[in-house]
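To keep things clear, I will list the structure first and then write my remarks on it.
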Amino acid sequence: MRWTRAALLASSLTVLLTAACGAGPSQRPGVAVEQPHGGPGPAVTGTSTAPPPPPQAQVPKTDLSWHDCAAPTFNLLGTGAPPPGVIFECADFSTPIDTGGTVLGTFRTGAVRVRTAQTPADAAPVVVTSGTDRSTTATLAGLVSGPEATILADHPLVGVDRRGLGSSQPIDCLFEDTRRDLADNGQFTPGGDRVDATAKLSQDATVACQDFLQPYQAAYDAPHAADDIEQLRKQWQVDRIDLLGTGNGTRVALSYAAKYGNDHLARLVLDSPETVGADQVTRTEQQVKGAEAALTGFARRCADLNCSLGADPRAAITDLVGRAGAGQLGTVSASALTTTITAFLGDPRADQTAHTAELADALSAAGRGDLGALQALMTRETAAVGSDGQFVSRCSDNQQAATPDRAKQLENDWGTKYPVFGRSAASGLMECSAWPVVQAPRQPDKFTLPVLVVGTAADPVTGGDGPASVTGVLGAAGARTSTLQWQGWGHPVLSHSSCAQQNITRYLKDAELPADGTVCPA
């Protein structure tokens, strides 16, 4: 049927049943800090017998049909030439639209494998998902763009793109003007109230995408993404896999753990996790806090480099965002500008701090009235984080949405509290306001695998409050957890900290968790 706005509003009430400044990868080892909240118990001595480690992941018996895709992928992502020595391969596989049989048919799911000539051929791959933050293909391309990716010395990494993202079957459901106006949070639409304008745009976008996707419009949430990973395991014909989720990908990883983990997981790493069970306002404020902290780290590095933003880069950026919000930067809206800055700060390139001048020069030129470099950067970052597939999946994951009245209140509160990102984030709460409410994903209720959780307070994508909620949920399910904290800024930690990679590699080997509260320096 055709979704009308009235039907849409009714359906939205129905539950569907179906800061420190980092300077690149740190070579220094982690150090333990005080006040651990759990983690591994004391060493076993005497005649006591330590429990055996969990079973290992296996090498695929029937692999995908991989082919080299380095040059076209890096060219598409705009990240420069592929790094020498890295083998970057792509493949795809078919996944059921719905494993429960509610909707028949299959999707094409994209995958990427990253390794070097020295990566052991008999090492089990680590499956990686970055969820909706950006394609997992982009996350892995970013990981290998830095001076090194130490984890590849021990394991190949296999990324699975979420439905509608990256090399998975794409979604093109929005009209161009709706897509553009949503990105602007309705700043240039008649009427002047950005919250109301964004809510109206959400209705238009939801109708368009629900019509485009039916009858499988409910198949884009995190549990369905977990089903795609399970299909990969089956195709490999292995009993257990190692799984690493970053950002929103931790939601997918936890869904996999809840549905399949006790039987089919060997290791689970949650890097920069989202907060579990929080409402939309809480999650968004945590992200904004992380973005402000990351911007502070960026500004310090920028000042140290005598960048073009001057002696106080943060003040210069705050002023520029204010000018954009006042309509003084032509067609550049405050929302599109802050999205670009956040996406740049959260870019997974391992050498991201080496690109400080790229953002600084684009912003300083815009401040002088030359928008060319900024608009090119906006185009690149919007392609990475603002696709139709991301709109659909983010809205499908959204829980406990904010009301327009609450968003209007937060425009003022957050605009004062978080001067760069707060106001746009508040009006952006309405982007998914019309999307039909979905059932919250089930969390693991019985899970005994040791789990490594990694995070940083200066995370511009998810914020820094997720690890505590994740360890609480897993601890209640019976799992031992350990949290490793990186002192730098950026997202995900995996891309930016060799110390974190070393701890992850040790954990993958024998499920040995680092001391809870271990710190990896920036």
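Identifiers in the structure tokens: chain A, B, ... in order shown; residue index from 1 per chain; ligand index from 1 in order shown.
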
Give one line per residue of range 73-186 of chain A that approaches range 200-221 of chain A to at most 8 Å, naming the two atoms of the closest pair and their distance in Å to one decimal, counting only C-alpha atoms; sort by chain then ascending residue number and deliver it as a Markdown table.
```
| residue | atom | partner | partner_atom | distance |
| --- | --- | --- | --- | --- |
| A:Ile97 | CA | A:Ala219 | CA | 6.6 |
| A:Asp98 | CA | A:Ala219 | CA | 6.7 |
| A:Val103 | CA | A:Tyr216 | CA | 6.5 |
| A:Arg163 | CA | A:Tyr220 | CA | 6.5 |
| A:Cys173 | CA | A:Cys209 | CA | 4.9 |
| A:Leu174 | CA | A:Ala205 | CA | 6.1 |
| A:Phe175 | CA | A:Ala208 | CA | 7.8 |
| A:Thr178 | CA | A:Leu201 | CA | 6.5 |
| A:Arg179 | CA | A:Ala205 | CA | 7.8 |
| A:Asp181 | CA | A:Leu201 | CA | 7.4 |
| A:Leu182 | CA | A:Leu201 | CA | 6.3 |
| A:Gly186 | CA | A:Leu201 | CA | 7.6 |
```

> Where does DSSP see helix (DSSP H, G or I) in range 46-276 of chain A, if you list the residues as a ChimeraX atom specification?
Replying inline: /A:70-77,136-143,150-153,176-183,194-213,222-236,249-264

> Excluding same-chain residues fewer than 3 positions from Gly100 in chain A, what lies within 12 Å of it counting only C-alpha atoms, as a PyMOL selection string?
Replying inline: chain A and resi 17-18+96-97+103-105+219+223-224+227

>> Neighbouring residues of Val195 in chain A were defined as those with any atom within 12 Å, considering only C-alpha atoms; residues of the same chain fewer than 6 positions away were excluded. Please report them as a PyMOL selection string.
In response: chain A and resi 182+184-187+189+201-202+402-412+423-433

Could those residues be written to a file, using N, CA and C atoms, as a PDB file, in the first residue's frame?
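Written out: result.pdb:
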```pdb
ATOM      1  N   LEU A 182      16.907  17.860   5.080  1.00  0.00           N
ATOM      2  CA  LEU A 182      17.162  17.122   6.321  1.00  0.00           C
ATOM      3  C   LEU A 182      18.576  17.375   6.823  1.00  0.00           C
ATOM      4  N   ASP A 184      20.250  19.947   6.433  1.00  0.00           N
ATOM      5  CA  ASP A 184      20.279  21.320   6.941  1.00  0.00           C
ATOM      6  C   ASP A 184      19.405  21.517   8.165  1.00  0.00           C
ATOM      7  N   ASN A 185      18.731  20.463   8.620  1.00  0.00           N
ATOM      8  CA  ASN A 185      17.769  20.576   9.726  1.00  0.00           C
ATOM      9  C   ASN A 185      16.746  21.678   9.464  1.00  0.00           C
ATOM     10  N   GLY A 186      16.344  21.804   8.201  1.00  0.00           N
ATOM     11  CA  GLY A 186      15.289  22.738   7.855  1.00  0.00           C
ATOM     12  C   GLY A 186      15.644  24.202   8.008  1.00  0.00           C
ATOM     13  N   GLN A 187      16.945  24.531   8.071  1.00  0.00           N
ATOM     14  CA  GLN A 187      17.330  25.922   8.319  1.00  0.00           C
ATOM     15  C   GLN A 187      16.823  26.870   7.236  1.00  0.00           C
ATOM     16  N   THR A 189      14.195  26.332   5.148  1.00  0.00           N
ATOM     17  CA  THR A 189      12.795  26.170   4.766  1.00  0.00           C
ATOM     18  C   THR A 189      11.964  27.293   5.370  1.00  0.00           C
ATOM     19  N   LEU A 201       9.995  17.373   7.705  1.00  0.00           N
ATOM     20  CA  LEU A 201      10.871  16.677   6.754  1.00  0.00           C
ATOM     21  C   LEU A 201      10.983  15.195   7.099  1.00  0.00           C
ATOM     22  N   SER A 202      10.971  14.878   8.394  1.00  0.00           N
ATOM     23  CA  SER A 202      11.009  13.475   8.808  1.00  0.00           C
ATOM     24  C   SER A 202       9.783  12.730   8.290  1.00  0.00           C
ATOM     25  N   ALA A 402      12.588  11.662  21.169  1.00  0.00           N
ATOM     26  CA  ALA A 402      12.245  12.924  21.819  1.00  0.00           C
ATOM     27  C   ALA A 402      10.987  13.520  21.188  1.00  0.00           C
ATOM     28  N   THR A 403      10.285  14.345  21.937  1.00  0.00           N
ATOM     29  CA  THR A 403       9.135  15.081  21.420  1.00  0.00           C
ATOM     30  C   THR A 403       9.603  16.436  20.880  1.00  0.00           C
ATOM     31  N   PRO A 404       8.813  17.066  20.009  1.00  0.00           N
ATOM     32  CA  PRO A 404       9.186  18.404  19.532  1.00  0.00           C
ATOM     33  C   PRO A 404       9.358  19.420  20.661  1.00  0.00           C
ATOM     34  N   ASP A 405       8.489  19.379  21.657  1.00  0.00           N
ATOM     35  CA  ASP A 405       8.617  20.332  22.766  1.00  0.00           C
ATOM     36  C   ASP A 405       9.934  20.142  23.508  1.00  0.00           C
ATOM     37  N   ARG A 406      10.316  18.880  23.693  1.00  0.00           N
ATOM     38  CA  ARG A 406      11.586  18.614  24.376  1.00  0.00           C
ATOM     39  C   ARG A 406      12.764  19.090  23.528  1.00  0.00           C
ATOM     40  N   ALA A 407      12.692  18.876  22.231  1.00  0.00           N
ATOM     41  CA  ALA A 407      13.768  19.311  21.345  1.00  0.00           C
ATOM     42  C   ALA A 407      13.910  20.825  21.349  1.00  0.00           C
ATOM     43  N   LYS A 408      12.789  21.539  21.367  1.00  0.00           N
ATOM     44  CA  LYS A 408      12.851  23.002  21.398  1.00  0.00           C
ATOM     45  C   LYS A 408      13.486  23.499  22.693  1.00  0.00           C
ATOM     46  N   GLN A 409      13.169  22.846  23.796  1.00  0.00           N
ATOM     47  CA  GLN A 409      13.788  23.220  25.069  1.00  0.00           C
ATOM     48  C   GLN A 409      15.295  22.993  25.022  1.00  0.00           C
ATOM     49  N   LEU A 410      15.681  21.858  24.431  1.00  0.00           N
ATOM     50  CA  LEU A 410      17.097  21.509  24.389  1.00  0.00           C
ATOM     51  C   LEU A 410      17.879  22.381  23.420  1.00  0.00           C
ATOM     52  N   GLU A 411      17.218  22.946  22.407  1.00  0.00           N
ATOM     53  CA  GLU A 411      17.916  23.876  21.523  1.00  0.00           C
ATOM     54  C   GLU A 411      18.574  24.993  22.332  1.00  0.00           C
ATOM     55  N   ASN A 412      17.852  25.529  23.303  1.00  0.00           N
ATOM     56  CA  ASN A 412      18.395  26.597  24.138  1.00  0.00           C
ATOM     57  C   ASN A 412      19.391  26.051  25.154  1.00  0.00           C
ATOM     58  N   ARG A 423      23.098  23.053  19.584  1.00  0.00           N
ATOM     59  CA  ARG A 423      21.844  23.510  18.989  1.00  0.00           C
ATOM     60  C   ARG A 423      21.431  22.639  17.804  1.00  0.00           C
ATOM     61  N   SER A 424      22.373  22.333  16.923  1.00  0.00           N
ATOM     62  CA  SER A 424      22.049  21.486  15.768  1.00  0.00           C
ATOM     63  C   SER A 424      21.659  20.081  16.205  1.00  0.00           C
ATOM     64  N   ALA A 425      22.325  19.565  17.240  1.00  0.00           N
ATOM     65  CA  ALA A 425      21.981  18.232  17.731  1.00  0.00           C
ATOM     66  C   ALA A 425      20.556  18.198  18.264  1.00  0.00           C
ATOM     67  N   ALA A 426      20.124  19.279  18.903  1.00  0.00           N
ATOM     68  CA  ALA A 426      18.770  19.309  19.468  1.00  0.00           C
ATOM     69  C   ALA A 426      17.712  19.284  18.369  1.00  0.00           C
ATOM     70  N   SER A 427      17.859  20.126  17.352  1.00  0.00           N
ATOM     71  CA  SER A 427      16.878  20.099  16.263  1.00  0.00           C
ATOM     72  C   SER A 427      16.971  18.803  15.475  1.00  0.00           C
ATOM     73  N   GLY A 428      18.178  18.210  15.429  1.00  0.00           N
ATOM     74  CA  GLY A 428      18.357  16.936  14.737  1.00  0.00           C
ATOM     75  C   GLY A 428      17.659  15.772  15.405  1.00  0.00           C
ATOM     76  N   LEU A 429      17.210  15.945  16.647  1.00  0.00           N
ATOM     77  CA  LEU A 429      16.449  14.889  17.318  1.00  0.00           C
ATOM     78  C   LEU A 429      15.181  14.530  16.556  1.00  0.00           C
ATOM     79  N   MET A 430      14.718  15.424  15.710  1.00  0.00           N
ATOM     80  CA  MET A 430      13.479  15.212  14.981  1.00  0.00           C
ATOM     81  C   MET A 430      13.661  14.431  13.680  1.00  0.00           C
ATOM     82  N   GLU A 431      14.886  14.135  13.277  1.00  0.00           N
ATOM     83  CA  GLU A 431      15.110  13.503  11.976  1.00  0.00           C
ATOM     84  C   GLU A 431      14.393  12.160  11.838  1.00  0.00           C
ATOM     85  N   CYS A 432      14.280  11.422  12.931  1.00  0.00           N
ATOM     86  CA  CYS A 432      13.614  10.115  12.883  1.00  0.00           C
ATOM     87  C   CYS A 432      12.270  10.132  13.605  1.00  0.00           C
ATOM     88  N   SER A 433      11.750  11.311  13.885  1.00  0.00           N
ATOM     89  CA  SER A 433      10.559  11.396  14.731  1.00  0.00           C
ATOM     90  C   SER A 433       9.333  10.741  14.116  1.00  0.00           C
TER      91      SER A 433
END
```

>> Would you pick out the contacts of range 134-141 of chain A at 9 Å or less, using only C-alpha atoms, so that residues sharing its chain but fewer than 6 positions from it are not included, and give the list as a PyMOL selection string?
In response: chain A and resi 70+73-74+77+79+82+88+90+110-114+128+157-162+165-167+249+347-349+384-386+390+492+495

Export N, CA, C and O atoms of the chosen residues as a short mmCIF file (atom, residue, chain, number, x, y, z; two decimals), in the first residue's frame?
```
data_model
loop_
_atom_site.label_atom_id
_atom_site.label_comp_id
_atom_site.auth_asym_id
_atom_site.auth_seq_id
_atom_site.Cartn_x
_atom_site.Cartn_y
_atom_site.Cartn_z
N ALA A 70 41.22 -2.67 -3.93
CA ALA A 70 41.88 -1.60 -3.20
C ALA A 70 41.75 -0.26 -3.91
O ALA A 70 41.28 0.73 -3.32
N THR A 73 38.16 1.23 -4.22
CA THR A 73 37.59 1.55 -2.91
C THR A 73 38.21 2.80 -2.33
O THR A 73 37.51 3.71 -1.86
N PHE A 74 39.54 2.88 -2.34
CA PHE A 74 40.20 4.05 -1.77
C PHE A 74 39.91 5.30 -2.60
O PHE A 74 39.79 6.40 -2.05
N LEU A 77 36.40 6.45 -1.60
CA LEU A 77 36.37 7.02 -0.26
C LEU A 77 37.13 8.33 -0.17
O LEU A 77 37.01 9.07 0.83
N THR A 79 40.41 8.69 0.14
CA THR A 79 41.45 8.57 1.16
C THR A 79 42.84 8.43 0.57
O THR A 79 43.78 8.09 1.28
N PRO A 82 45.93 3.37 -2.03
CA PRO A 82 46.01 2.29 -1.03
C PRO A 82 47.41 2.19 -0.47
O PRO A 82 48.40 2.36 -1.21
N PHE A 88 43.71 -5.65 0.06
CA PHE A 88 42.36 -5.17 0.33
C PHE A 88 41.44 -5.80 -0.69
O PHE A 88 41.52 -5.52 -1.89
N CYS A 90 37.39 -7.50 -1.80
CA CYS A 90 35.94 -7.39 -1.62
C CYS A 90 35.25 -8.67 -2.07
O CYS A 90 35.78 -9.44 -2.89
N GLY A 110 27.58 -6.85 1.35
CA GLY A 110 28.97 -6.62 0.97
C GLY A 110 29.92 -6.91 2.11
O GLY A 110 29.62 -6.69 3.29
N ALA A 111 31.10 -7.41 1.75
CA ALA A 111 32.14 -7.70 2.73
C ALA A 111 33.49 -7.28 2.18
O ALA A 111 33.69 -7.20 0.97
N VAL A 112 34.42 -7.01 3.06
CA VAL A 112 35.78 -6.64 2.68
C VAL A 112 36.75 -7.39 3.59
O VAL A 112 36.48 -7.59 4.77
N ARG A 113 37.86 -7.85 3.02
CA ARG A 113 38.89 -8.54 3.81
C ARG A 113 40.20 -7.75 3.71
O ARG A 113 40.61 -7.36 2.61
N VAL A 114 40.84 -7.54 4.85
CA VAL A 114 42.09 -6.79 4.91
C VAL A 114 43.15 -7.67 5.55
O VAL A 114 42.93 -8.26 6.61
N VAL A 128 34.32 -7.72 11.61
CA VAL A 128 34.19 -6.34 12.10
C VAL A 128 32.91 -5.73 11.56
O VAL A 128 32.56 -5.93 10.39
N LEU A 157 41.21 -9.19 8.92
CA LEU A 157 39.95 -8.60 9.35
C LEU A 157 38.95 -8.68 8.21
O LEU A 157 39.29 -8.39 7.06
N VAL A 158 37.74 -9.08 8.52
CA VAL A 158 36.67 -9.17 7.53
C VAL A 158 35.53 -8.27 7.98
O VAL A 158 34.90 -8.52 9.01
N GLY A 159 35.30 -7.21 7.22
CA GLY A 159 34.23 -6.28 7.55
C GLY A 159 32.95 -6.62 6.81
O GLY A 159 32.98 -7.01 5.64
N VAL A 160 31.82 -6.48 7.48
CA VAL A 160 30.51 -6.71 6.88
C VAL A 160 29.75 -5.39 6.87
O VAL A 160 29.50 -4.80 7.93
N ASP A 161 29.42 -4.90 5.69
CA ASP A 161 28.67 -3.65 5.58
C ASP A 161 27.21 -3.88 5.94
O ASP A 161 26.59 -4.85 5.49
N ARG A 162 26.68 -2.97 6.72
CA ARG A 162 25.28 -3.07 7.12
C ARG A 162 24.37 -2.84 5.90
O ARG A 162 24.77 -2.22 4.92
N LEU A 165 24.39 0.16 3.20
CA LEU A 165 25.61 0.94 3.35
C LEU A 165 26.75 0.31 2.56
O LEU A 165 26.77 -0.91 2.34
N GLY A 166 27.72 1.14 2.17
CA GLY A 166 28.94 0.64 1.56
C GLY A 166 28.67 -0.19 0.33
O GLY A 166 27.96 0.22 -0.59
N SER A 167 29.23 -1.40 0.33
CA SER A 167 29.09 -2.27 -0.83
C SER A 167 27.91 -3.22 -0.72
O SER A 167 27.70 -4.05 -1.60
N GLY A 249 28.14 -0.35 15.60
CA GLY A 249 28.37 -1.77 15.37
C GLY A 249 28.36 -2.59 16.65
O GLY A 249 28.15 -3.81 16.61
N ASP A 347 36.59 10.42 11.70
CA ASP A 347 37.06 9.64 10.56
C ASP A 347 37.99 8.54 11.05
O ASP A 347 38.88 8.78 11.87
N PRO A 348 37.81 7.30 10.58
CA PRO A 348 38.62 6.19 11.10
C PRO A 348 40.04 6.13 10.55
O PRO A 348 40.78 5.20 10.89
N ARG A 349 40.45 7.08 9.71
CA ARG A 349 41.82 7.05 9.21
C ARG A 349 42.80 7.04 10.38
O ARG A 349 42.76 7.90 11.24
N ALA A 384 29.99 9.89 3.40
CA ALA A 384 30.42 8.86 4.36
C ALA A 384 29.40 8.61 5.46
O ALA A 384 29.25 7.47 5.92
N VAL A 385 28.67 9.65 5.88
CA VAL A 385 27.81 9.49 7.06
C VAL A 385 26.35 9.85 6.81
O VAL A 385 25.53 9.71 7.73
N GLY A 386 26.00 10.29 5.59
CA GLY A 386 24.64 10.78 5.37
C GLY A 386 23.88 10.12 4.25
O GLY A 386 23.05 10.77 3.61
N GLN A 390 21.88 4.98 5.72
CA GLN A 390 22.12 5.34 7.12
C GLN A 390 20.88 5.97 7.74
O GLN A 390 20.58 5.71 8.92
N PRO A 492 37.18 4.88 15.56
CA PRO A 492 37.15 4.12 16.81
C PRO A 492 38.55 4.03 17.40
O PRO A 492 39.54 4.39 16.75
N SER A 495 41.45 2.09 15.40
CA SER A 495 42.19 2.73 14.33
C SER A 495 43.34 3.59 14.83
O SER A 495 44.30 3.82 14.10
#
```

> Counting only C-alpha atoms, what is within 12 Å of Thr481 in chain A, bar same-chain residues fewer than 3 positions away, as a count of residues only?
Replying inline: 39

>> With only C-alpha atoms as the counted atoms, please give the residues lying no more than 8 Å from Gly131 in chain A, apart from itself and same-chain residues fewer than 6 positions off, as a VMD selection string.
In response: chain A and resid 161 to 162 222 245 to 252

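Nearest to Pro52 in chain A of all the residues A:Asp370, A:Trp236, A:Ala357, A:Asp510 is A:Asp510, based on only C-alpha atoms.
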
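Proximity of A:Ala326, A:Ala315, A:Ala293, A:Ala153 to Gly490 in chain A, computed with only C-alpha atoms, is greatest for A:Ala293.
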
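Taking the backbone of this structure through DSSP, the residues of range 201-346 of chain A that come out as strand (DSSP E) are Ile241, Asp242, Leu243, Leu244, Gly245, Thr246, Leu265, Ala266, Arg267, Leu268, Val269, Leu270 and Asp271 of chain A.
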
Output N, CA and C atoms for every residue in the selection just made, as an mmCIF file, in the first residue's frame.
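Output file selection.cif follows:
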```cif
data_model
loop_
_atom_site.group_PDB
_atom_site.id
_atom_site.type_symbol
_atom_site.label_atom_id
_atom_site.label_comp_id
_atom_site.auth_asym_id
_atom_site.auth_seq_id
_atom_site.Cartn_x
_atom_site.Cartn_y
_atom_site.Cartn_z
ATOM 1 N N ILE A 241 33.031 -17.656 15.630
ATOM 2 C CA ILE A 241 33.741 -16.538 15.030
ATOM 3 C C ILE A 241 34.190 -15.569 16.114
ATOM 4 N N ASP A 242 35.209 -14.779 15.801
ATOM 5 C CA ASP A 242 35.576 -13.622 16.605
ATOM 6 C C ASP A 242 34.843 -12.414 16.034
ATOM 7 N N LEU A 243 34.273 -11.580 16.906
ATOM 8 C CA LEU A 243 33.462 -10.450 16.452
ATOM 9 C C LEU A 243 33.916 -9.184 17.154
ATOM 10 N N LEU A 244 34.125 -8.131 16.371
ATOM 11 C CA LEU A 244 34.527 -6.826 16.893
ATOM 12 C C LEU A 244 33.570 -5.777 16.358
ATOM 13 N N GLY A 245 32.849 -5.119 17.256
ATOM 14 C CA GLY A 245 31.941 -4.053 16.866
ATOM 15 C C GLY A 245 32.491 -2.710 17.281
ATOM 16 N N THR A 246 32.347 -1.697 16.407
ATOM 17 C CA THR A 246 32.758 -0.341 16.747
ATOM 18 C C THR A 246 31.552 0.582 16.672
ATOM 19 N N LEU A 265 30.025 -17.621 19.245
ATOM 20 C CA LEU A 265 31.068 -16.626 19.443
ATOM 21 C C LEU A 265 32.263 -17.237 20.153
ATOM 22 N N ALA A 266 33.450 -16.870 19.673
ATOM 23 C CA ALA A 266 34.681 -17.257 20.367
ATOM 24 C C ALA A 266 35.221 -16.091 21.188
ATOM 25 N N ARG A 267 35.209 -14.879 20.593
ATOM 26 C CA ARG A 267 35.668 -13.670 21.283
ATOM 27 C C ARG A 267 34.742 -12.526 20.891
ATOM 28 N N LEU A 268 34.608 -11.542 21.789
ATOM 29 C CA LEU A 268 33.761 -10.377 21.538
ATOM 30 C C LEU A 268 34.480 -9.130 22.032
ATOM 31 N N VAL A 269 34.718 -8.188 21.111
ATOM 32 C CA VAL A 269 35.335 -6.905 21.443
ATOM 33 C C VAL A 269 34.339 -5.800 21.101
ATOM 34 N N LEU A 270 34.098 -4.907 22.045
ATOM 35 C CA LEU A 270 33.178 -3.787 21.853
ATOM 36 C C LEU A 270 33.981 -2.491 21.969
ATOM 37 N N ASP A 271 34.179 -1.830 20.839
ATOM 38 C CA ASP A 271 35.012 -0.636 20.746
ATOM 39 C C ASP A 271 34.104 0.594 20.644
#
```

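For the atom pair formed by CA of His491 in chain A and CA of Gln399 in chain A, the distance is 22.9 Å, given to one decimal.
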
> Could you state the separation of CA of Phe107 in chain A and CA of Gln400 in chain A in Å, given to one decimal place?
Replying inline: 28.7 Å

> Of the candidates A:Asn398, A:Ser308, A:Thr331, A:Gln235, which shows the shortest atom-to-atom distance to Gln375 in chain A, using only C-alpha atoms?
Replying inline: A:Thr331

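Take CA of Ala197 in chain A and CA of Gly325 in chain A: the distance between them is 14.8 Å.
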